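One structure is given below, encoded as structure tokens.
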Amino acid sequence: DITFFGGGGFGDPIDREPERVAADVLNGRVSALFARELYGVVVKNGSADLVTRPSGQVIRERIEKDLAMEKDGEVVALDFFKIGIIDYSCADEIAAKLISRLISSEYGDKYIILTGLNDNQRENIEAALERKGLAVMAEMRDGKKALLGDLNNYLKETLNFILKKGKVTASDLCNALKLPANTVGTRLLNLYKKRLVKRIGEIRDGGRVWVYERL
């Protein structure tokens, strides 16, 4: 079917599946209030609950369609602010599978961050990520940045340095952490492959260098 921002498309909106409406809320396409009024979706207290694995599959597939339309290099934010509960099975089906496929380059050179998370949402999403050895950058509802999931201490050290500085080169990291170039290069490449930092090529002093930026 054809879906437009704001809920346009074919057919009676009231017939749309609740899971697809929830995906639109998660992607920021429609507000929770608009979803309730237009689609007849039960959105308790202005939020939509994400529960059960089948529902998670429908939502993930919708998000994947949106990802396919984004350009390489884009950072895609999944906003949970208007979402209520997300249970473990749904967190695994949505967050864990999206991140797993993201780092396998199934979506191209793109990035995903999670925003607007509360502590309960974080708990289930982090559990799903840790079980599969995955990690993702997030922003909590209080605006604080957080790393969710599993990451070794060496990469955490490097990531924290990038988060503090905003962007760095391998040379910057070598000088700051007093590490050999091959160690620094491996750390930065691993963070990029995990899609926890962006990598951009720049021309400096007549040569091309990789610059690693926080999301």
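Chains: A, B, ... in order of the structure tokens. Residues: from 1 per chain. Ligands: from 1, in order shown.
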query: Excluding same-chain residues fewer than 3 positions from A:Leu155, what lies within 10 Å of it counting only C-alpha atoms, as a list of chain:residue names?
result: A:Leu151, A:Asn152, A:Thr158, A:Leu159, A:Asn160, A:Phe161, A:Val184, A:Thr186, A:Arg187, A:Leu188, A:Asn190, A:Leu191
Written file, previous selection with N, CA, C and O atoms, as a PDB file, in the first residue's frame:
```
ATOM      1  N   LEU A 151      28.977  -3.782  25.131  1.00  0.00           N
ATOM      2  CA  LEU A 151      30.168  -3.221  24.501  1.00  0.00           C
ATOM      3  C   LEU A 151      31.334  -3.396  25.470  1.00  0.00           C
ATOM      4  O   LEU A 151      31.202  -3.106  26.662  1.00  0.00           O
ATOM      5  N   ASN A 152      32.493  -3.845  24.955  1.00  0.00           N
ATOM      6  CA  ASN A 152      33.617  -4.070  25.862  1.00  0.00           C
ATOM      7  C   ASN A 152      34.188  -2.743  26.367  1.00  0.00           C
ATOM      8  O   ASN A 152      33.948  -1.681  25.790  1.00  0.00           O
ATOM      9  N   THR A 158      36.840   4.443  24.206  1.00  0.00           N
ATOM     10  CA  THR A 158      36.990   5.183  22.951  1.00  0.00           C
ATOM     11  C   THR A 158      35.717   5.934  22.603  1.00  0.00           C
ATOM     12  O   THR A 158      35.756   7.098  22.190  1.00  0.00           O
ATOM     13  N   LEU A 159      34.576   5.292  22.785  1.00  0.00           N
ATOM     14  CA  LEU A 159      33.297   5.935  22.495  1.00  0.00           C
ATOM     15  C   LEU A 159      33.083   7.149  23.388  1.00  0.00           C
ATOM     16  O   LEU A 159      32.641   8.207  22.920  1.00  0.00           O
ATOM     17  N   ASN A 160      33.387   7.018  24.663  1.00  0.00           N
ATOM     18  CA  ASN A 160      33.210   8.142  25.581  1.00  0.00           C
ATOM     19  C   ASN A 160      34.078   9.328  25.183  1.00  0.00           C
ATOM     20  O   ASN A 160      33.669  10.490  25.338  1.00  0.00           O
ATOM     21  N   PHE A 161      35.259   9.061  24.674  1.00  0.00           N
ATOM     22  CA  PHE A 161      36.142  10.134  24.218  1.00  0.00           C
ATOM     23  C   PHE A 161      35.518  10.862  23.026  1.00  0.00           C
ATOM     24  O   PHE A 161      35.537  12.096  22.950  1.00  0.00           O
ATOM     25  N   VAL A 184      44.339   1.997  17.947  1.00  0.00           N
ATOM     26  CA  VAL A 184      43.345   3.051  17.754  1.00  0.00           C
ATOM     27  C   VAL A 184      42.521   2.795  16.498  1.00  0.00           C
ATOM     28  O   VAL A 184      41.295   2.931  16.504  1.00  0.00           O
ATOM     29  N   THR A 186      41.848  -0.005  15.026  1.00  0.00           N
ATOM     30  CA  THR A 186      40.934  -1.134  15.225  1.00  0.00           C
ATOM     31  C   THR A 186      39.725  -0.722  16.053  1.00  0.00           C
ATOM     32  O   THR A 186      38.583  -1.082  15.741  1.00  0.00           O
ATOM     33  N   ARG A 187      39.951   0.049  17.104  1.00  0.00           N
ATOM     34  CA  ARG A 187      38.843   0.501  17.951  1.00  0.00           C
ATOM     35  C   ARG A 187      37.860   1.364  17.172  1.00  0.00           C
ATOM     36  O   ARG A 187      36.633   1.165  17.252  1.00  0.00           O
ATOM     37  N   LEU A 188      38.385   2.320  16.434  1.00  0.00           N
ATOM     38  CA  LEU A 188      37.512   3.220  15.676  1.00  0.00           C
ATOM     39  C   LEU A 188      36.729   2.468  14.608  1.00  0.00           C
ATOM     40  O   LEU A 188      35.529   2.718  14.412  1.00  0.00           O
ATOM     41  N   ASN A 190      35.842  -0.667  14.674  1.00  0.00           N
ATOM     42  CA  ASN A 190      34.812  -1.480  15.320  1.00  0.00           C
ATOM     43  C   ASN A 190      33.611  -0.650  15.749  1.00  0.00           C
ATOM     44  O   ASN A 190      32.454  -1.076  15.611  1.00  0.00           O
ATOM     45  N   LEU A 191      33.856   0.554  16.274  1.00  0.00           N
ATOM     46  CA  LEU A 191      32.742   1.425  16.653  1.00  0.00           C
ATOM     47  C   LEU A 191      31.929   1.829  15.434  1.00  0.00           C
ATOM     48  O   LEU A 191      30.693   1.898  15.488  1.00  0.00           O
TER      49      LEU A 191
END
```
Worksheet item: Got a sec: who's within 8 Å of stretch 134-150 of chain A, counting only C-alpha atoms, leaving out chain neighbours fewer than 3 positions off, as a VMD selection string?
Response: chain A and resid 81 96 99 to 100 112 to 118 122 125 to 131 194 to 196 215
Between A:Val51, A:Met69, A:Val76, A:Ala181, smallest distance to A:Ser89 by only C-alpha atoms belongs to A:Val51
At a cut-off of 12 Å, can you tabulate as a tab-separated table every residue of stretch 149-171 of chain A near stretch 208-214 of chain A together with its closest atom pair and the distance in Å to one decimal, using only C-alpha atoms and ordering rows by chain then number?
```
residue	atom	partner	partner_atom	distance
A:Thr158	CA	A:Tyr212	CA	10.8
A:Leu159	CA	A:Arg214	CA	8.2
A:Asn160	CA	A:Arg214	CA	9.4
A:Phe161	CA	A:Arg214	CA	9.6
A:Ile162	CA	A:Arg214	CA	6.1
A:Leu163	CA	A:Arg214	CA	5.5
A:Lys164	CA	A:Arg214	CA	8.7
A:Lys165	CA	A:Arg214	CA	8.5
A:Gly166	CA	A:Arg214	CA	5.6
A:Lys167	CA	A:Glu213	CA	4.1
A:Val168	CA	A:Tyr212	CA	5.4
A:Thr169	CA	A:Val211	CA	4.9
A:Ala170	CA	A:Trp210	CA	7.7
A:Ser171	CA	A:Val209	CA	9.7
```
What does the distance between atom CA of A:Pro180 and atom CA of A:Tyr111 come to in Å, to one decimal place?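 Taking atom CA of A:Pro180 as the start and atom CA of A:Tyr111 as the end point, the length is 28.1 Å.
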List as a list of chain:residue names the protein and nucleic acid residues near A:Glu70, meaning an atom at most 12 Å away when only C-alpha atoms are counted, but skip any in the same chain fewer than 2 places from it.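 Those residues are A:Ile63, A:Glu64, A:Lys65, A:Asp66, A:Leu67, A:Ala68, A:Asp72, A:Gly73, A:Glu74, A:Val75, A:Val76, A:Ala77, A:Tyr107, A:Gly108, A:Asp109, A:Lys110, A:Tyr111, A:Ile112.
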Convert the current residue selection to file output with N, CA and C atoms, as a short mmCIF file (atom, residue, chain, number, x, y, z; two decimals), in the first residue's frame.
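Everything below was put into selection.cif:
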```
data_model
loop_
_atom_site.label_atom_id
_atom_site.label_comp_id
_atom_site.auth_asym_id
_atom_site.auth_seq_id
_atom_site.Cartn_x
_atom_site.Cartn_y
_atom_site.Cartn_z
N ILE A 63 9.12 -0.06 9.65
CA ILE A 63 10.29 0.79 9.85
C ILE A 63 11.35 0.50 8.79
N GLU A 64 11.51 -0.77 8.44
CA GLU A 64 12.49 -1.13 7.42
C GLU A 64 12.14 -0.51 6.07
N LYS A 65 10.87 -0.39 5.76
CA LYS A 65 10.48 0.28 4.52
C LYS A 65 10.89 1.75 4.55
N ASP A 66 10.72 2.38 5.71
CA ASP A 66 11.13 3.78 5.84
C ASP A 66 12.65 3.90 5.73
N LEU A 67 13.38 2.97 6.34
CA LEU A 67 14.84 2.99 6.27
C LEU A 67 15.33 2.89 4.83
N ALA A 68 14.64 2.07 4.05
CA ALA A 68 15.05 1.88 2.66
C ALA A 68 14.98 3.17 1.85
N ASP A 72 22.11 7.10 2.28
CA ASP A 72 23.26 6.65 3.05
C ASP A 72 23.84 7.82 3.85
N GLY A 73 24.28 7.51 5.04
CA GLY A 73 24.83 8.54 5.91
C GLY A 73 23.82 9.16 6.85
N GLU A 74 22.53 8.86 6.66
CA GLU A 74 21.50 9.44 7.50
C GLU A 74 21.45 8.78 8.88
N VAL A 75 21.15 9.58 9.88
CA VAL A 75 20.91 9.07 11.24
C VAL A 75 19.40 9.06 11.45
N VAL A 76 18.85 7.89 11.66
CA VAL A 76 17.40 7.72 11.81
C VAL A 76 17.07 7.57 13.29
N ALA A 77 16.22 8.45 13.79
CA ALA A 77 15.84 8.41 15.20
C ALA A 77 14.48 7.73 15.35
N TYR A 107 20.84 -2.39 5.49
CA TYR A 107 20.16 -1.12 5.21
C TYR A 107 21.09 -0.10 4.58
N GLY A 108 22.29 -0.51 4.21
CA GLY A 108 23.25 0.44 3.65
C GLY A 108 24.02 1.14 4.76
N ASP A 109 24.64 2.25 4.43
CA ASP A 109 25.47 3.00 5.38
C ASP A 109 24.61 4.00 6.13
N LYS A 110 23.80 3.49 7.06
CA LYS A 110 22.88 4.33 7.83
C LYS A 110 23.09 4.07 9.32
N TYR A 111 22.43 4.88 10.13
CA TYR A 111 22.61 4.80 11.58
C TYR A 111 21.25 4.90 12.26
N ILE A 112 21.11 4.26 13.40
CA ILE A 112 19.86 4.31 14.17
C ILE A 112 20.18 4.75 15.60
#
```
### Query
So how many Å separate atom CA of A:Lys193 and atom CA of A:Leu102, to one decimal?
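Value for the atom CA of A:Lys193-atom CA of A:Leu102 distance: 9.3 Å.
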Practice item. Write out as a PyMOL selection string all residues of stretch 72-196 of chain A that backbone DSSP assigns to helix (DSSP H, G or I). Key: chain A and resi 88-103+119-131+153-165+170-177+181-193
Gap from atom CA of A:Ile85 to atom CA of A:Asp49 - Å, one decimal: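 The value is 4.6 Å.
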Worksheet item: Do you know which residues are at most 7 Å from A:Cys90 counting only C-alpha atoms, after dropping those on the same chain fewer than 6 positions away, and could you put them as a ChimeraX atom specification?
Response: /A:50-53,56
Export of prior selection with C-alpha atoms as a PDB file, in the first residue's frame:
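That gives us result_29.pdb:
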```pdb
ATOM      1  CA  LEU A  50       4.202  -2.267  21.920  1.00  0.00           C
ATOM      2  CA  VAL A  51       3.613  -5.863  22.975  1.00  0.00           C
ATOM      3  CA  THR A  52       3.912  -9.384  21.485  1.00  0.00           C
ATOM      4  CA  ARG A  53       6.370 -10.614  18.859  1.00  0.00           C
ATOM      5  CA  GLY A  56       6.820  -6.253  16.747  1.00  0.00           C
TER       6      GLY A  56
END
```
